[in-house]
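Q: Sharing my_file.cif, mmCIF, C-alpha atoms:
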```cif
data_coords
loop_
_atom_site.group_PDB
_atom_site.id
_atom_site.type_symbol
_atom_site.label_atom_id
_atom_site.label_comp_id
_atom_site.auth_asym_id
_atom_site.auth_seq_id
_atom_site.Cartn_x
_atom_site.Cartn_y
_atom_site.Cartn_z
ATOM 1 C CA MET A 138 56.984 17.867 81.397
ATOM 2 C CA SER A 139 56.719 14.433 79.880
ATOM 3 C CA TRP A 140 57.557 14.492 76.170
ATOM 4 C CA GLU A 141 54.924 11.823 75.738
ATOM 5 C CA TYR A 142 52.223 14.514 76.034
ATOM 6 C CA LEU A 143 53.744 16.388 73.090
ATOM 7 C CA GLY A 144 53.559 13.162 71.064
ATOM 8 C CA TYR A 145 49.891 12.746 71.977
ATOM 9 C CA LEU A 146 49.161 16.366 71.055
ATOM 10 C CA ALA A 147 50.929 15.919 67.704
ATOM 11 C CA SER A 148 48.926 12.756 67.038
ATOM 12 C CA ALA A 149 45.658 14.484 67.911
ATOM 13 C CA LEU A 150 46.461 17.380 65.567
ATOM 14 C CA LEU A 151 47.212 15.016 62.684
ATOM 15 C CA VAL A 152 44.051 13.003 63.257
ATOM 16 C CA ALA A 153 41.982 16.194 63.522
ATOM 17 C CA SER A 154 43.520 17.502 60.296
ATOM 18 C CA LEU A 155 42.328 14.440 58.411
ATOM 19 C CA THR A 156 38.731 15.092 59.469
ATOM 20 C CA MET A 157 38.684 18.500 57.760
ATOM 21 C CA SER A 158 36.720 18.952 54.546
ATOM 22 C CA ASP A 159 38.354 22.356 53.949
ATOM 23 C CA VAL A 160 41.790 21.710 52.428
ATOM 24 C CA MET A 161 43.276 24.906 53.889
ATOM 25 C CA LYS A 162 42.216 23.928 57.428
ATOM 26 C CA LEU A 163 43.579 20.437 56.795
ATOM 27 C CA ARG A 164 46.969 21.854 55.770
ATOM 28 C CA TRP A 165 47.201 24.234 58.752
ATOM 29 C CA LEU A 166 46.304 21.551 61.306
ATOM 30 C CA ASN A 167 48.600 19.058 59.612
ATOM 31 C CA LEU A 168 51.391 21.657 59.669
ATOM 32 C CA ALA A 169 50.890 22.167 63.406
ATOM 33 C CA GLY A 170 50.946 18.394 63.954
ATOM 34 C CA CYS A 171 54.121 17.992 61.897
ATOM 35 C CA ILE A 172 55.865 20.778 63.803
ATOM 36 C CA ALA A 173 54.826 19.200 67.108
ATOM 37 C CA PHE A 174 56.061 15.781 65.941
ATOM 38 C CA THR A 175 59.343 17.301 64.772
ATOM 39 C CA LEU A 176 59.883 18.834 68.216
ATOM 40 C CA TYR A 177 58.864 15.553 69.830
ATOM 41 C CA GLY A 178 61.316 13.606 67.662
ATOM 42 C CA VAL A 179 64.143 15.981 68.577
ATOM 43 C CA ALA A 180 63.220 15.838 72.274
ATOM 44 C CA ILE A 181 63.293 12.038 72.442
ATOM 45 C CA ASP A 182 66.253 11.693 70.074
ATOM 46 C CA ALA A 183 64.206 9.930 67.382
ATOM 47 C CA VAL A 184 65.891 11.132 64.204
ATOM 48 C CA PRO A 185 63.501 9.373 61.769
ATOM 49 C CA VAL A 186 60.474 10.982 63.445
ATOM 50 C CA ALA A 187 62.069 14.433 63.464
ATOM 51 C CA PHE A 188 63.409 14.143 59.909
ATOM 52 C CA THR A 189 60.196 12.840 58.325
ATOM 53 C CA ASN A 190 57.948 15.363 60.032
ATOM 54 C CA GLY A 191 60.420 18.161 59.349
ATOM 55 C CA LEU A 192 60.173 17.353 55.630
ATOM 56 C CA LEU A 193 56.380 17.135 55.846
ATOM 57 C CA THR A 194 56.367 20.579 57.469
ATOM 58 C CA PHE A 195 57.881 22.008 54.294
ATOM 59 C CA VAL A 196 55.434 20.042 52.133
ATOM 60 C CA ASN A 197 52.524 21.582 54.043
ATOM 61 C CA ILE A 198 54.031 25.079 53.791
ATOM 62 C CA TYR A 199 54.454 24.610 50.032
ATOM 63 C CA HIS A 200 50.813 23.579 49.621
ATOM 64 C CA ILE A 201 49.537 26.407 51.844
ATOM 65 C CA ILE A 202 51.426 28.942 49.712
ATOM 66 C CA LYS A 203 50.142 27.275 46.539
ATOM 67 C CA LEU A 204 46.539 27.404 47.814
ATOM 68 C CA LYS A 205 46.854 31.062 48.829
ATOM 69 C CA ARG A 206 48.152 31.998 45.365
ATOM 70 C CA GLN A 207 45.226 30.366 43.574
ATOM 71 C CA PRO A 208 42.790 32.845 42.106
ATOM 72 C CA THR A 209 39.471 32.866 43.937
ATOM 73 C CA VAL A 210 36.335 32.063 41.999
ATOM 74 C CA ASP A 211 33.680 34.756 42.285
ATOM 75 C CA ALA A 212 30.391 33.035 43.145
ATOM 76 C CA LYS A 213 28.352 35.942 41.758
ATOM 77 C CA LYS A 214 29.239 35.170 38.132
#
```
Please re-express this file's structure in structure tokens.
A:
Amino acid sequence: MSWEYLGYLASALLVASLTMSDVMKLRWLNLAGCIAFTLYGVAIDAVPVAFTNGLLTFVNIYHIIKLKRQPTVDAKK
């Protein structure tokens, strides 16, 4: 398998995430893209790519947890 395809998949996931109007969907797609880019960076020995996207993975996880803990607003009120 060419690692280049993993890089293209990661790029597509990040671009798709930025088209989302739902913040939770944005975070999940962005998380998937960051994980894919981290793996890609490790595979091609690109430490800056792996390191940056590894950190962004944790940023996305933090925000997903934060969003899930938010109280939901009841539309009926």
Q: Measure the distance from atom CA of Leu143 of chain A to atom CA of Asp182 of chain A in Å and round it to one decimal.
A: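 Straight-line distance from atom CA of Leu143 of chain A to atom CA of Asp182 of chain A works out to 13.7 Å.
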Q: Within 10 Å of segment 189-206 of chain A, counting only C-alpha atoms, which residues show up once you throw out same-chain ones fewer than 3 positions away? Write them as a PyMOL selection string, please.
A: chain A and resi 160-178+184-186+209
Q: Please compute the atom CA of Glu141 of chain A-atom CA of Leu155 of chain A distance, one decimal, in Å.
A: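 Between atom CA of Glu141 of chain A and atom CA of Leu155 of chain A the gap works out to 21.6 Å.
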Q: Atom CA of Met157 of chain A to atom CA of Gln207 of chain A: how many Å, to one decimal?
A: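 Straight-line distance from atom CA of Met157 of chain A to atom CA of Gln207 of chain A works out to 19.6 Å.
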